[in-house]
Amino acid sequence: MGVKLYRLFLAITCLSLIAPGLVLADELMIVQEERVYAEPTEDTAVVYVVRPASLGKAVKSWTFVGQEPIGANKGKHYTFATVEPGKHLFWARAENTSAIELDIEAGKTYYLKQKVKMGGIKARVKLLEIDETEGRAALEKCKYTQLTASGQERAREIIDNKYETALGKAKGSDDSP
């Protein structure tokens, strides 16, 4: 019995030494305990991106408007952006890339849902526009996230590597997870 207890103690000690490094390596986003909301103005709209499901909870799904990052979500998280009116490409990135084009009107609030399905290696994402009722209900299940400076840096890398793919997806290729 003493050997088993010693091995368990050793395993827990090793994990406690390794785990902080694992957490630090993943600090691309800050999760707020308080919900944060934005209001549209006469010159802008607000676009919320929600991921209310917990499937693939640990895997980040990134969201962008054009060549600008909105944020990254894990399961049961949301983020948002203030957007000027006009046509915009909204896209998400996980194992795959999903994109939709929306014609945004000032003074309105929009809701996009990151629908997640397990993929070959990690979660796949599909970006969908949802109505206000579903959007508000989803927000109530989620915590607000923001990108850290490292997260912004990683988002720029994704834009550099995948923006052209997102443009192609918006033009009609299948991106169903």
# chains A, B, ... in the order shown; residues from 1 in each chain; ligands from 1
call {"tool": "residues_around", "arguments": {"residues": "Gly66 in chain A", "least_positions_apart": "2", "cutoff": "8 Å", "atoms": "only C-alpha atoms", "output": "list of chain:residue names"}}
result
A:Phe64, A:Glu68, A:His88, A:Leu89, A:Phe90, A:Trp91, A:Tyr163
call {"tool": "write_last_selection", "arguments": {"atoms": "C-alpha atoms", "output": "compact mmCIF listing (two decimals), in the first residue's frame"}}
result
# COMPACT_ATOMS: atom_id res chain seq x y z
CA PHE A 64 -13.21 37.88 -36.82
CA GLU A 68 -9.97 42.35 -37.36
CA HIS A 88 -18.98 42.69 -43.46
CA LEU A 89 -17.38 39.26 -43.56
CA PHE A 90 -17.71 37.47 -40.22
CA TRP A 91 -15.68 34.32 -39.86
CA TYR A 163 -8.34 35.26 -44.25
call {"tool": "select_by_dssp", "arguments": {"residues": "range 23-175 of chain A", "states": "strand (DSSP E or B)", "output": "JSON, numbers by chain"}}
result
{"A": [29, 30, 31, 45, 46, 47, 48, 49, 50, 51, 61, 62, 63, 64, 65, 68, 69, 70, 71, 72, 73, 77, 78, 79, 80, 81, 82, 83, 86, 87, 88, 89, 90, 91, 92, 93, 97, 98, 99, 100, 101, 102, 103, 104, 109, 110, 111, 112, 113, 114, 115, 116, 117, 118, 123, 124, 125, 126, 127, 128, 129, 130, 143, 144, 145, 146, 147]}
call {"tool": "closest_atom_pairs", "arguments": {"of": "range 59-111 of chain A", "to": "range 132-136 of chain A", "cutoff": "10 Å", "atoms": "only C-alpha atoms", "output": "CSV"}}
result
residue,atom,partner,partner_atom,distance
A:Thr109,CA,A:Glu132,CA,7.9
A:Tyr110,CA,A:Glu132,CA,7.2
A:Tyr111,CA,A:Gly135,CA,5.4
call {"tool": "write_last_selection", "arguments": {"atoms": "C-alpha atoms", "output": "short mmCIF file (atom, residue, chain, number, x, y, z; two decimals), in the first residue's frame"}}
result
data_model
loop_
_atom_site.label_atom_id
_atom_site.label_comp_id
_atom_site.auth_asym_id
_atom_site.auth_seq_id
_atom_site.Cartn_x
_atom_site.Cartn_y
_atom_site.Cartn_z
CA THR A 109 -27.82 44.35 -32.28
CA TYR A 110 -26.86 41.11 -34.02
CA TYR A 111 -26.15 37.67 -32.59
#
call {"tool": "closest_residue", "arguments": {"among": "A:Glu164, A:Lys60, A:Val50, A:Gly86", "to": "Lys141 in chain A", "atoms": "only C-alpha atoms"}}
result
A:Val50
call {"tool": "select_by_dssp", "arguments": {"residues": "chain A", "states": "helix (DSSP H, G or I)", "output": "count of residues only"}}
result
56
call {"tool": "atom_distance", "arguments": {"atom1": "CA of Glu140 in chain A", "atom2": "CA of Met29 in chain A"}}
result
19.5 Å
call {"tool": "residues_around", "arguments": {"residues": "Leu127 in chain A", "least_positions_apart": "3", "cutoff": "8 Å", "atoms": "only C-alpha atoms", "output": "short mmCIF file (atom, residue, chain, number, x, y, z; two decimals) with N, CA and C atoms, in the first residue's frame"}}
result
data_model
loop_
_atom_site.label_atom_id
_atom_site.label_comp_id
_atom_site.auth_asym_id
_atom_site.auth_seq_id
_atom_site.Cartn_x
_atom_site.Cartn_y
_atom_site.Cartn_z
N TRP A 91 -16.19 35.68 -39.69
CA TRP A 91 -15.68 34.32 -39.86
C TRP A 91 -15.14 33.78 -38.54
N ALA A 92 -15.18 32.46 -38.47
CA ALA A 92 -14.72 31.77 -37.27
C ALA A 92 -13.68 30.74 -37.67
N SER A 98 -15.23 28.87 -40.95
CA SER A 98 -16.62 29.09 -41.34
C SER A 98 -16.81 30.59 -41.52
N ALA A 99 -17.60 30.99 -42.53
CA ALA A 99 -17.76 32.42 -42.79
C ALA A 99 -19.16 32.74 -43.30
N ILE A 100 -19.63 33.92 -42.93
CA ILE A 100 -20.89 34.46 -43.47
C ILE A 100 -20.72 35.96 -43.69
N LEU A 112 -24.42 36.18 -33.34
CA LEU A 112 -23.84 35.07 -34.09
C LEU A 112 -23.54 33.95 -33.11
N LYS A 113 -23.84 32.74 -33.53
CA LYS A 113 -23.60 31.57 -32.69
C LYS A 113 -22.49 30.73 -33.30
N GLN A 114 -21.55 30.34 -32.47
CA GLN A 114 -20.51 29.41 -32.88
C GLN A 114 -21.03 28.01 -32.54
N LYS A 115 -21.53 27.31 -33.56
CA LYS A 115 -22.01 25.94 -33.37
C LYS A 115 -20.80 25.02 -33.49
#
call {"tool": "closest_residue", "arguments": {"among": "A:Gln146, A:Gly107, A:Gln67, A:Leu128", "to": "Asn161 in chain A", "atoms": "only C-alpha atoms"}}
result
A:Gln67
call {"tool": "closest_residue", "arguments": {"among": "A:Ile158, A:Val49, A:Leu139, A:Ala81", "to": "Lys126 in chain A", "atoms": "only C-alpha atoms"}}
result
A:Val49
call {"tool": "closest_residue", "arguments": {"among": "A:Thr97, A:Glu34, A:Trp62, A:Gly75", "to": "Leu167 in chain A", "atoms": "only C-alpha atoms"}}
result
A:Thr97
call {"tool": "atom_distance", "arguments": {"atom1": "CA of Ala106 in chain A", "atom2": "CA of Ala138 in chain A"}}
result
22.6 Å
call {"tool": "closest_residue", "arguments": {"among": "A:Ile104, A:Ala166, A:Val65, A:Leu147", "to": "Thr44 in chain A", "atoms": "only C-alpha atoms"}}
result
A:Ile104
